[in-house]
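Structure data (compact mmCIF, C-alpha atoms) from data.txt:
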```txt
# COMPACT_ATOMS: atom_id res chain seq x y z
CA MET M 1 -3.52 23.25 -6.11
CA SER M 2 -2.06 19.76 -5.69
CA PHE M 3 -0.16 18.35 -2.72
CA ALA M 4 0.88 14.72 -2.87
CA VAL M 5 1.61 12.55 0.16
CA ALA M 6 3.40 9.25 -0.55
CA ILE M 7 3.16 6.62 2.17
CA ASP M 8 5.04 3.39 1.54
CA GLY M 9 5.87 0.31 3.59
CA PRO M 10 5.39 -3.45 3.88
CA ALA M 11 2.06 -5.18 4.50
CA ALA M 12 0.43 -4.64 7.91
CA SER M 13 2.92 -1.94 8.92
CA GLY M 14 0.06 0.48 9.49
CA LYS M 15 0.54 2.56 6.36
CA GLY M 16 -3.05 2.14 5.15
CA THR M 17 -4.56 3.18 8.46
CA ILE M 18 -2.22 6.15 8.68
CA ALA M 19 -2.91 7.14 5.07
CA ARG M 20 -6.68 7.11 5.59
CA ALA M 21 -6.40 9.17 8.77
CA VAL M 22 -4.04 11.67 7.15
CA ALA M 23 -6.36 12.06 4.17
CA ALA M 24 -9.33 12.64 6.48
CA HIS M 25 -7.40 15.17 8.57
CA PHE M 26 -6.39 17.31 5.60
CA GLY M 27 -9.44 16.69 3.44
CA PHE M 28 -7.30 14.99 0.79
CA LEU M 29 -8.37 12.15 -1.50
CA HIS M 30 -6.95 8.73 -0.65
CA LEU M 31 -5.87 5.85 -2.87
CA ASP M 32 -4.81 2.46 -1.53
CA THR M 33 -2.70 1.49 -4.52
CA GLY M 34 -2.45 -2.06 -3.21
CA LEU M 35 -6.10 -2.47 -4.16
CA LEU M 36 -5.15 -1.93 -7.81
CA TYR M 37 -2.85 -4.94 -7.66
CA ARG M 38 -5.32 -6.93 -5.59
CA ALA M 39 -7.96 -6.28 -8.23
CA VAL M 40 -5.56 -7.57 -10.87
CA GLY M 41 -4.69 -10.54 -8.65
CA ARG M 42 -8.40 -11.32 -8.16
CA GLN M 43 -8.86 -11.53 -11.92
CA MET M 44 -5.70 -13.64 -12.27
CA LEU M 45 -7.23 -16.18 -9.90
CA ASP M 46 -10.24 -16.20 -12.21
CA GLY M 47 -8.02 -17.08 -15.16
CA VAL M 48 -7.48 -13.63 -16.69
CA ALA M 49 -3.97 -12.86 -17.95
CA PRO M 50 -2.16 -10.33 -15.65
CA LEU M 51 -1.55 -7.64 -18.27
CA LYS M 52 -5.09 -7.88 -19.64
CA ALA M 53 -6.47 -7.57 -16.11
CA ALA M 54 -4.38 -4.43 -15.52
CA GLU M 55 -5.31 -2.81 -18.81
CA MET M 56 -9.03 -3.42 -18.28
CA LEU M 57 -9.12 -2.36 -14.62
CA THR M 58 -12.04 -0.11 -13.67
CA PRO M 59 -12.63 1.75 -10.37
CA ASP M 60 -15.67 -0.37 -9.48
CA ARG M 61 -13.47 -3.45 -9.11
CA LEU M 62 -11.75 -1.82 -6.14
CA ASP M 63 -14.92 -2.23 -4.08
CA ASP M 64 -14.89 -6.04 -4.23
CA PRO M 65 -14.76 -7.33 -0.60
CA SER M 66 -12.89 -10.46 -1.73
CA LEU M 67 -9.82 -8.30 -2.41
CA ARG M 68 -8.90 -8.68 1.28
CA HIS M 69 -8.59 -12.47 1.08
CA ALA M 70 -5.15 -14.02 1.66
CA ASP M 71 -5.05 -15.82 -1.71
CA VAL M 72 -5.77 -12.52 -3.47
CA ALA M 73 -2.95 -10.84 -1.52
CA GLN M 74 -0.47 -13.45 -2.74
CA ALA M 75 -1.73 -13.11 -6.32
CA ALA M 76 -1.43 -9.31 -6.02
CA SER M 77 2.19 -9.60 -4.91
CA LYS M 78 2.92 -11.80 -7.92
CA ALA M 79 1.15 -9.38 -10.25
CA ALA M 80 3.14 -6.47 -8.83
CA ALA M 81 6.38 -8.24 -9.76
CA ILE M 82 5.42 -8.12 -13.47
CA PRO M 83 6.91 -4.94 -15.07
CA GLU M 84 4.20 -4.73 -17.74
CA VAL M 85 1.47 -4.80 -15.10
CA ARG M 86 3.14 -2.04 -13.09
CA ALA M 87 3.57 0.08 -16.21
CA ALA M 88 -0.11 -0.30 -17.08
CA LEU M 89 -1.13 1.09 -13.67
CA VAL M 90 1.37 3.94 -13.41
CA ASP M 91 -0.63 6.59 -15.28
CA PHE M 92 -3.73 5.97 -13.16
CA GLN M 93 -1.76 6.49 -9.96
CA ARG M 94 0.16 9.55 -11.15
CA ALA M 95 -2.98 11.29 -12.32
CA PHE M 96 -4.60 10.62 -8.95
CA ALA M 97 -1.57 12.02 -7.10
CA ARG M 98 -1.86 15.35 -8.91
CA ARG M 99 -5.59 15.94 -8.47
CA ASP M 100 -6.50 19.38 -7.19
CA GLY M 101 -7.08 19.54 -3.47
CA GLY M 102 -4.37 17.11 -2.37
CA ALA M 103 -3.98 13.35 -2.43
CA VAL M 104 -2.58 10.60 -0.24
CA LEU M 105 -1.36 7.41 -1.91
CA ASP M 106 -0.15 4.40 0.02
CA GLY M 107 1.68 1.45 -1.45
CA ARG M 108 5.18 0.14 -1.97
CA ASP M 109 6.74 2.35 -4.62
CA ILE M 110 4.85 5.66 -4.39
CA GLY M 111 7.78 7.77 -3.19
CA THR M 112 10.35 6.05 -5.37
CA VAL M 113 8.56 5.45 -8.68
CA ILE M 114 4.96 6.65 -8.89
CA CYS M 115 5.39 10.09 -7.36
CA PRO M 116 9.07 10.79 -6.63
CA ASP M 117 8.24 14.51 -6.57
CA ALA M 118 5.65 14.12 -3.80
CA GLU M 119 5.71 17.00 -1.35
CA ALA M 120 5.66 14.58 1.61
CA LYS M 121 7.04 11.04 1.82
CA LEU M 122 6.72 8.55 4.66
CA PHE M 123 8.01 4.99 4.90
CA VAL M 124 6.15 3.02 7.57
CA ILE M 125 7.72 -0.07 9.14
CA ALA M 126 7.08 -2.42 12.06
CA ALA M 127 8.59 -5.65 13.38
CA PRO M 128 7.39 -8.71 11.41
CA GLU M 129 5.89 -10.35 14.49
CA ILE M 130 3.87 -7.23 15.30
CA ARG M 131 2.68 -6.98 11.71
CA ALA M 132 1.62 -10.64 11.78
CA HIS M 133 -0.30 -10.10 15.03
CA ARG M 134 -2.15 -7.13 13.53
CA ARG M 135 -2.98 -8.85 10.25
CA CYS M 136 -4.06 -12.05 12.03
CA ALA M 137 -6.48 -10.04 14.18
CA GLU M 138 -7.91 -8.39 11.06
CA LEU M 139 -8.40 -11.70 9.29
CA ARG M 140 -9.99 -13.38 12.30
CA ALA M 141 -12.35 -10.43 12.70
CA SER M 142 -13.40 -11.04 9.10
CA GLY M 143 -14.11 -14.70 9.83
CA PHE M 144 -10.91 -16.33 8.61
CA ASP M 145 -9.42 -19.21 10.60
CA VAL M 146 -5.69 -18.42 10.60
CA THR M 147 -2.76 -18.62 12.99
CA GLU M 148 -0.15 -15.94 13.60
CA ALA M 149 2.54 -18.36 12.41
CA GLU M 150 0.75 -18.80 9.08
CA VAL M 151 0.29 -15.06 8.67
CA LEU M 152 3.94 -14.40 9.58
CA ASP M 153 5.12 -16.88 6.94
CA ASP M 154 2.84 -15.20 4.40
CA LEU M 155 4.14 -11.72 5.25
CA ARG M 156 7.77 -12.82 5.04
CA ALA M 157 7.16 -14.39 1.63
CA ARG M 158 5.56 -11.19 0.40
CA ASP M 159 8.37 -9.05 1.84
CA GLU M 160 10.96 -11.21 0.10
CA ARG M 161 9.16 -10.93 -3.23
CA ASP M 162 8.42 -7.21 -2.90
CA MET M 163 11.91 -6.18 -1.81
CA ASN M 164 13.76 -8.26 -4.38
CA ARG M 165 11.66 -7.81 -7.51
CA ALA M 166 13.60 -6.32 -10.41
CA ASP M 167 11.07 -3.59 -11.13
CA ALA M 168 10.23 -0.98 -8.47
CA PRO M 169 11.31 -2.95 -5.38
CA LEU M 170 9.97 -2.04 -1.95
CA LYS M 171 12.41 0.45 -0.41
CA PRO M 172 12.24 3.90 1.15
CA ALA M 173 12.84 6.99 -0.94
CA GLU M 174 16.06 8.75 0.04
CA ASP M 175 14.10 11.72 1.39
CA ALA M 176 11.33 9.73 3.11
CA LEU M 177 10.68 9.99 6.83
CA MET M 178 10.99 6.56 8.46
CA LEU M 179 8.10 5.87 10.82
CA ASP M 180 8.46 2.74 12.98
CA THR M 181 5.05 1.79 14.40
CA THR M 182 6.24 -1.30 16.29
CA GLU M 183 5.69 0.28 19.70
CA MET M 184 3.42 3.14 18.66
CA SER M 185 -0.33 3.42 19.01
CA ILE M 186 -2.27 4.27 15.87
CA SER M 187 -3.15 7.69 17.27
CA ASP M 188 0.51 8.47 18.01
CA ALA M 189 1.62 7.32 14.55
CA VAL M 190 -1.07 9.41 12.88
CA ALA M 191 -0.19 12.43 15.00
CA LYS M 192 3.46 12.19 14.00
CA ALA M 193 2.58 11.83 10.32
CA VAL M 194 0.21 14.79 10.48
CA ALA M 195 2.85 16.95 12.22
CA VAL M 196 5.43 16.17 9.53
CA ILE M 197 3.00 16.95 6.70
CA GLU M 198 1.80 20.17 8.34
CA LYS M 199 5.42 21.32 8.62
CA LEU M 200 6.04 20.56 4.95
CA ARG M 201 2.83 22.30 3.85
CA GLY M 202 3.90 25.41 5.74
CA ALA M 203 7.40 25.37 4.29
```
Using structure tokens, write down the structure from this file.
Amino acid sequence: MSFAVAIDGPAASGKGTIARAVAAHFGFLHLDTGLLYRAVGRQMLDGVAPLKAAEMLTPDRLDDPSLRHADVAQAASKAAAIPEVRAALVDFQRAFARRDGGAVLDGRDIGTVICPDAEAKLFVIAAPEIRAHRRCAELRASGFDVTEAEVLDDLRARDERDMNRADAPLKPAEDALMLDTTEMSISDAVAKAVAVIEKLRGA
């Protein structure tokens, strides 16, 4: 039996952390769909054409640690704005969403495009400055020398591109629960997400 959970939101809003925790709580499989685009972006930086990179994508490429680099994130955002690239990755994501045993997918268009019939939909947001603080801490912990101002500029550029792209723009599904993590701890955000999903599963 399948049960799909769609968790969308902008970068560093907390959606990935919440998605992983939700998947672990329910024993569902988890897919960070942003990694698909980062893997395409990584290949773009190596000179591979975007569509070719998407069509030839294999699961092993999602384990590349360089996918977390800032330049790859920017390339991923650019790749995601290409309709042909998005189309090439849709089937992979939809098949994952309907695997037996339940699945959690986090990204930017899961509830609106990839899996509009998902049994549970969340849209996670947070103030830009808070998101920049979180992402900056992550990058510094990984050894990158960045400032919060630089990270904030990067996030705003990505938000602008993601929200205004012609194909599958970043926006909440009409029936998605809005979850603002600006002043929430991770444990509180996860608890709220779990409570919502448990209610839907019992409905």
field: Nearest to Lys121 of chain M, chosen from M:Leu105, M:Glu150, M:Cys136, M:Ala21, with all atoms listed in the file counted in the distances
entry: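 Counting all atoms listed in the file, the residue closest to Lys121 of chain M is M:Leu105.
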field: Top pick for closest residue to Lys52 of chain M, considering M:Ala73, M:Val40, M:Val196, M:Gly143 and counting all atoms listed in the file
entry: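 Nearest candidate to Lys52 of chain M out of M:Ala73, M:Val40, M:Val196, M:Gly143: M:Val40.
When only C-alpha atoms are used to compute distances to Lys78 of chain M, the closest of the residues M:Gly41, M:Gly14, M:Gly202, M:Gly27 turns out to be M:Gly41.
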task: Compare M:Thr58, M:Ala6, M:His25, M:Ala70 by their minimum atom-to-atom distance to Phe144 of chain M, counting only C-alpha atoms, and give me the closest one.
output: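 When distances to Phe144 of chain M are compared using only C-alpha atoms, the smallest one comes from M:Ala70.
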field: Between atom CA of Gly111 of chain M and atom CA of Thr33 of chain M - distance in Å to one decimal
entry: 12.3 Å
message: Between M:Met163, M:Ala75, M:Leu170, M:Ala132, which residue has the minimum interatomic distance to Glu148 of chain M, considering only C-alpha atoms?
response: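 Result for the nearest residue to Glu148 of chain M: M:Ala132.
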task: Within 10 Å of Arg38 of chain M, counting only C-alpha atoms, which residues show up once you throw out same-chain ones fewer than 3 positions away? Write them as number ranges by chain, please.
output: M: 33-35, 41-44, 61-62, 64, 66-69, 71-80
query: For Ile7 of chain M, which residue among M:Arg86, M:Arg99, M:Arg20, M:Arg156 is the nearest when counting all atoms listed in the file?
result: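 Counting all atoms listed in the file, the residue closest to Ile7 of chain M is M:Arg20.
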Would you fill the gaps in segment 19-40 of chain M so it has N, CA, C and O atoms, then print it as an mmCIF file, keeping the file's coordinate frame?
```cif
data_model
loop_
_atom_site.group_PDB
_atom_site.id
_atom_site.type_symbol
_atom_site.label_atom_id
_atom_site.label_comp_id
_atom_site.auth_asym_id
_atom_site.auth_seq_id
_atom_site.Cartn_x
_atom_site.Cartn_y
_atom_site.Cartn_z
ATOM 1 N N ALA M 19 -2.567 6.409 6.293
ATOM 2 C CA ALA M 19 -2.910 7.140 5.070
ATOM 3 C C ALA M 19 -4.368 7.611 5.099
ATOM 4 O O ALA M 19 -4.668 8.755 4.742
ATOM 5 N N ARG M 20 -5.269 6.730 5.520
ATOM 6 C CA ARG M 20 -6.680 7.110 5.590
ATOM 7 C C ARG M 20 -6.903 8.236 6.595
ATOM 8 O O ARG M 20 -7.677 9.174 6.343
ATOM 9 N N ALA M 21 -6.239 8.147 7.740
ATOM 10 C CA ALA M 21 -6.400 9.170 8.770
ATOM 11 C C ALA M 21 -5.813 10.501 8.318
ATOM 12 O O ALA M 21 -6.398 11.567 8.572
ATOM 13 N N VAL M 22 -4.671 10.450 7.661
ATOM 14 C CA VAL M 22 -4.040 11.670 7.150
ATOM 15 C C VAL M 22 -4.926 12.333 6.103
ATOM 16 O O VAL M 22 -5.127 13.559 6.111
ATOM 17 N N ALA M 23 -5.478 11.526 5.201
ATOM 18 C CA ALA M 23 -6.360 12.060 4.170
ATOM 19 C C ALA M 23 -7.589 12.725 4.793
ATOM 20 O O ALA M 23 -8.003 13.819 4.382
ATOM 21 N N ALA M 24 -8.154 12.079 5.808
ATOM 22 C CA ALA M 24 -9.330 12.640 6.480
ATOM 23 C C ALA M 24 -8.983 13.937 7.191
ATOM 24 O O ALA M 24 -9.759 14.909 7.171
ATOM 25 N N HIS M 25 -7.812 13.981 7.823
ATOM 26 C CA HIS M 25 -7.400 15.170 8.570
ATOM 27 C C HIS M 25 -7.263 16.386 7.664
ATOM 28 O O HIS M 25 -7.713 17.486 8.012
ATOM 29 N N PHE M 26 -6.648 16.188 6.500
ATOM 30 C CA PHE M 26 -6.390 17.310 5.600
ATOM 31 C C PHE M 26 -7.477 17.503 4.531
ATOM 32 O O PHE M 26 -7.425 18.469 3.771
ATOM 33 N N GLY M 27 -8.416 16.580 4.478
ATOM 34 C CA GLY M 27 -9.440 16.690 3.440
ATOM 35 C C GLY M 27 -8.913 16.299 2.070
ATOM 36 O O GLY M 27 -9.426 16.765 1.041
ATOM 37 N N PHE M 28 -7.883 15.449 2.046
ATOM 38 C CA PHE M 28 -7.300 14.990 0.790
ATOM 39 C C PHE M 28 -8.021 13.723 0.309
ATOM 40 O O PHE M 28 -8.650 13.006 1.085
ATOM 41 N N LEU M 29 -7.888 13.414 -0.966
ATOM 42 C CA LEU M 29 -8.370 12.150 -1.500
ATOM 43 C C LEU M 29 -7.368 11.063 -1.160
ATOM 44 O O LEU M 29 -6.170 11.336 -1.012
ATOM 45 N N HIS M 30 -7.838 9.828 -1.017
ATOM 46 C CA HIS M 30 -6.950 8.730 -0.650
ATOM 47 C C HIS M 30 -7.046 7.592 -1.650
ATOM 48 O O HIS M 30 -8.145 7.248 -2.104
ATOM 49 N N LEU M 31 -5.901 7.024 -1.999
ATOM 50 C CA LEU M 31 -5.870 5.850 -2.870
ATOM 51 C C LEU M 31 -4.968 4.788 -2.260
ATOM 52 O O LEU M 31 -3.773 5.006 -2.056
ATOM 53 N N ASP M 32 -5.571 3.639 -1.965
ATOM 54 C CA ASP M 32 -4.810 2.460 -1.530
ATOM 55 C C ASP M 32 -4.370 1.767 -2.810
ATOM 56 O O ASP M 32 -5.127 1.012 -3.410
ATOM 57 N N THR M 33 -3.141 2.018 -3.230
ATOM 58 C CA THR M 33 -2.700 1.490 -4.520
ATOM 59 C C THR M 33 -2.591 -0.036 -4.502
ATOM 60 O O THR M 33 -2.620 -0.675 -5.555
ATOM 61 N N GLY M 34 -2.482 -0.612 -3.299
ATOM 62 C CA GLY M 34 -2.450 -2.060 -3.210
ATOM 63 C C GLY M 34 -3.720 -2.690 -3.744
ATOM 64 O O GLY M 34 -3.706 -3.816 -4.260
ATOM 65 N N LEU M 35 -4.834 -1.948 -3.648
ATOM 66 C CA LEU M 35 -6.100 -2.470 -4.160
ATOM 67 C C LEU M 35 -6.061 -2.630 -5.674
ATOM 68 O O LEU M 35 -6.732 -3.501 -6.229
ATOM 69 N N LEU M 36 -5.279 -1.797 -6.355
ATOM 70 C CA LEU M 36 -5.150 -1.930 -7.810
ATOM 71 C C LEU M 36 -4.556 -3.293 -8.145
ATOM 72 O O LEU M 36 -5.046 -3.994 -9.033
ATOM 73 N N TYR M 37 -3.504 -3.659 -7.412
ATOM 74 C CA TYR M 37 -2.850 -4.940 -7.660
ATOM 75 C C TYR M 37 -3.688 -6.106 -7.156
ATOM 76 O O TYR M 37 -3.673 -7.192 -7.744
ATOM 77 N N ARG M 38 -4.427 -5.883 -6.069
ATOM 78 C CA ARG M 38 -5.320 -6.930 -5.590
ATOM 79 C C ARG M 38 -6.437 -7.187 -6.593
ATOM 80 O O ARG M 38 -6.851 -8.329 -6.801
ATOM 81 N N ALA M 39 -6.918 -6.114 -7.232
ATOM 82 C CA ALA M 39 -7.960 -6.280 -8.230
ATOM 83 C C ALA M 39 -7.440 -7.069 -9.435
ATOM 84 O O ALA M 39 -8.138 -7.914 -10.003
ATOM 85 N N VAL M 40 -6.191 -6.799 -9.793
ATOM 86 C CA VAL M 40 -5.560 -7.570 -10.870
ATOM 87 C C VAL M 40 -5.373 -9.016 -10.422
ATOM 88 O O VAL M 40 -5.656 -9.962 -11.160
#
```
